[in-house]
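**Q** Submitted below is the structure of interest, expressed as structure tokens.
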Amino acid sequence: MENTVKLEELKKKVRKLTSSAGIAKMELRDLTVDLPRGWSEIALVAEKTACAFAALDAAKRELAATQNAKWEARSRNI
């Protein structure tokens with residue numbers, strides 16, 4: 001039961017981070033479209049975007065590991 005709750009929390013976290021990463025990606029894209037205006041913000045926005053995708057990647061890996069552990073535990077109980 002506890003694993004099910006953890007899985008649902010991780011899925012919710014991944015959905016939230018997916019949204020945040022998508023927003024950051026669009027902010028970076030919008031900034032590049034308006035070049036050369038706003039060029040001084042590129043490094044800050046790019047770093048924010050990279051951090052968002054790094055957090056998303058870590059959450060996806062954690063979710064996959066938890067799902068695999070649940071699957072393996074189920075397989076052992078068969």
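Chain labels run A, B, ... following the order of the structure tokens; each chain numbers its residues from 1, and ligands are numbered from 1 in the order shown.
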May I have the residues within 12 Å of Met26 of chain A as a PDB file with N, CA and C atoms, in the first residue's frame, using only C-alpha atoms and disregarding those fewer than 4 positions away in the same chain?
**A**
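File part.pdb, as written:
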ATOM      1  N   SER A  19       5.378  20.037 -16.564  1.00  0.00           N
ATOM      2  CA  SER A  19       4.766  21.333 -16.851  1.00  0.00           C
ATOM      3  C   SER A  19       5.772  22.471 -16.658  1.00  0.00           C
ATOM      4  N   SER A  20       6.501  22.433 -15.554  1.00  0.00           N
ATOM      5  CA  SER A  20       7.497  23.478 -15.275  1.00  0.00           C
ATOM      6  C   SER A  20       8.587  23.503 -16.344  1.00  0.00           C
ATOM      7  N   ALA A  21       9.039  22.334 -16.758  1.00  0.00           N
ATOM      8  CA  ALA A  21      10.077  22.260 -17.792  1.00  0.00           C
ATOM      9  C   ALA A  21       9.556  22.791 -19.120  1.00  0.00           C
ATOM     10  N   GLY A  22       8.313  22.485 -19.435  1.00  0.00           N
ATOM     11  CA  GLY A  22       7.717  22.989 -20.671  1.00  0.00           C
ATOM     12  C   GLY A  22       7.609  24.508 -20.671  1.00  0.00           C
ATOM     13  N   ASP A  30      10.984  31.843 -26.489  1.00  0.00           N
ATOM     14  CA  ASP A  30      10.501  33.209 -26.701  1.00  0.00           C
ATOM     15  C   ASP A  30      11.646  34.216 -26.656  1.00  0.00           C
ATOM     16  N   LEU A  31      12.584  33.979 -25.760  1.00  0.00           N
ATOM     17  CA  LEU A  31      13.732  34.875 -25.652  1.00  0.00           C
ATOM     18  C   LEU A  31      14.567  34.828 -26.921  1.00  0.00           C
ATOM     19  N   THR A  32      14.769  33.652 -27.471  1.00  0.00           N
ATOM     20  CA  THR A  32      15.589  33.547 -28.679  1.00  0.00           C
ATOM     21  C   THR A  32      14.899  34.158 -29.896  1.00  0.00           C
ATOM     22  N   VAL A  33      13.578  34.084 -29.933  1.00  0.00           N
ATOM     23  CA  VAL A  33      12.841  34.663 -31.053  1.00  0.00           C
ATOM     24  C   VAL A  33      13.013  36.183 -31.083  1.00  0.00           C
ATOM     25  N   VAL A  45      18.036  32.424 -18.194  1.00  0.00           N
ATOM     26  CA  VAL A  45      16.893  31.625 -18.641  1.00  0.00           C
ATOM     27  C   VAL A  45      17.344  30.224 -19.049  1.00  0.00           C
ATOM     28  N   ALA A  46      18.494  30.119 -19.682  1.00  0.00           N
ATOM     29  CA  ALA A  46      19.019  28.801 -20.081  1.00  0.00           C
ATOM     30  C   ALA A  46      19.344  27.966 -18.846  1.00  0.00           C
ATOM     31  N   LYS A  48      17.940  28.238 -15.874  1.00  0.00           N
ATOM     32  CA  LYS A  48      16.652  27.872 -15.296  1.00  0.00           C
ATOM     33  C   LYS A  48      16.046  26.691 -16.051  1.00  0.00           C
ATOM     34  N   THR A  49      16.138  26.731 -17.365  1.00  0.00           N
ATOM     35  CA  THR A  49      15.603  25.651 -18.201  1.00  0.00           C
ATOM     36  C   THR A  49      16.369  24.354 -17.960  1.00  0.00           C
TER      37      THR A  49
END
**Q** If we count only C-alpha atoms and set the cut-off at 6 Å, which residues sit around segment 50-65 of chain A, ignoring sequence neighbours fewer than 6 positions away in its own chain? Please answer as a PyMOL selection string.
**A** chain A and resi 10+14+17+21
**Q** Atom CA of Ser75 of chain A and atom CA of Lys6 of chain A are how many Å apart?
**A**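 Distance reported for this atom pair: 19.0 Å.
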**Q** As an mmCIF file with N, CA and C atoms, in the first residue's frame, please: the residues near Lys70 of chain A (cut-off 12 Å, only C-alpha atoms, same-chain neighbours under 6 positions excluded).
**A**
data_model
loop_
_atom_site.group_PDB
_atom_site.id
_atom_site.type_symbol
_atom_site.label_atom_id
_atom_site.label_comp_id
_atom_site.auth_asym_id
_atom_site.auth_seq_id
_atom_site.Cartn_x
_atom_site.Cartn_y
_atom_site.Cartn_z
ATOM 1 N N MET A 1 0.821 -1.199 0.000
ATOM 2 C CA MET A 1 0.000 0.000 0.000
ATOM 3 C C MET A 1 0.864 1.262 0.000
ATOM 4 N N GLU A 2 1.927 1.211 0.798
ATOM 5 C CA GLU A 2 2.828 2.370 0.899
ATOM 6 C C GLU A 2 3.501 2.664 -0.442
ATOM 7 N N ASN A 3 3.878 1.599 -1.169
ATOM 8 C CA ASN A 3 4.487 1.785 -2.493
ATOM 9 C C ASN A 3 3.515 2.420 -3.469
ATOM 10 N N THR A 4 2.240 2.066 -3.355
ATOM 11 C CA THR A 4 1.229 2.642 -4.238
ATOM 12 C C THR A 4 1.108 4.141 -3.991
ATOM 13 N N VAL A 5 1.126 4.537 -2.736
ATOM 14 C CA VAL A 5 1.057 5.955 -2.389
ATOM 15 C C VAL A 5 2.298 6.679 -2.911
ATOM 16 N N LYS A 6 3.460 6.057 -2.727
ATOM 17 C CA LYS A 6 4.696 6.671 -3.209
ATOM 18 C C LYS A 6 4.679 6.795 -4.729
ATOM 19 N N LEU A 7 4.192 5.774 -5.410
ATOM 20 C CA LEU A 7 4.110 5.823 -6.876
ATOM 21 C C LEU A 7 3.212 6.964 -7.327
ATOM 22 N N LEU A 63 10.917 7.554 -10.424
ATOM 23 C CA LEU A 63 9.643 6.893 -10.699
ATOM 24 C C LEU A 63 9.884 5.525 -11.346
ATOM 25 N N ALA A 64 10.757 5.482 -12.337
ATOM 26 C CA ALA A 64 11.048 4.215 -13.014
ATOM 27 C C ALA A 64 11.631 3.188 -12.040
ATOM 28 N N ARG A 76 8.225 -11.722 -7.332
ATOM 29 C CA ARG A 76 8.711 -12.636 -6.311
ATOM 30 C C ARG A 76 7.564 -13.292 -5.536
ATOM 31 N N ASN A 77 6.449 -12.586 -5.439
ATOM 32 C CA ASN A 77 5.306 -13.089 -4.674
ATOM 33 C C ASN A 77 4.416 -14.026 -5.470
#
**Q** Distance atom CA of Arg29 of chain A-atom CA of Ala43 of chain A, one decimal place?
**A**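 Between these atoms lies a distance of 12.8 Å.
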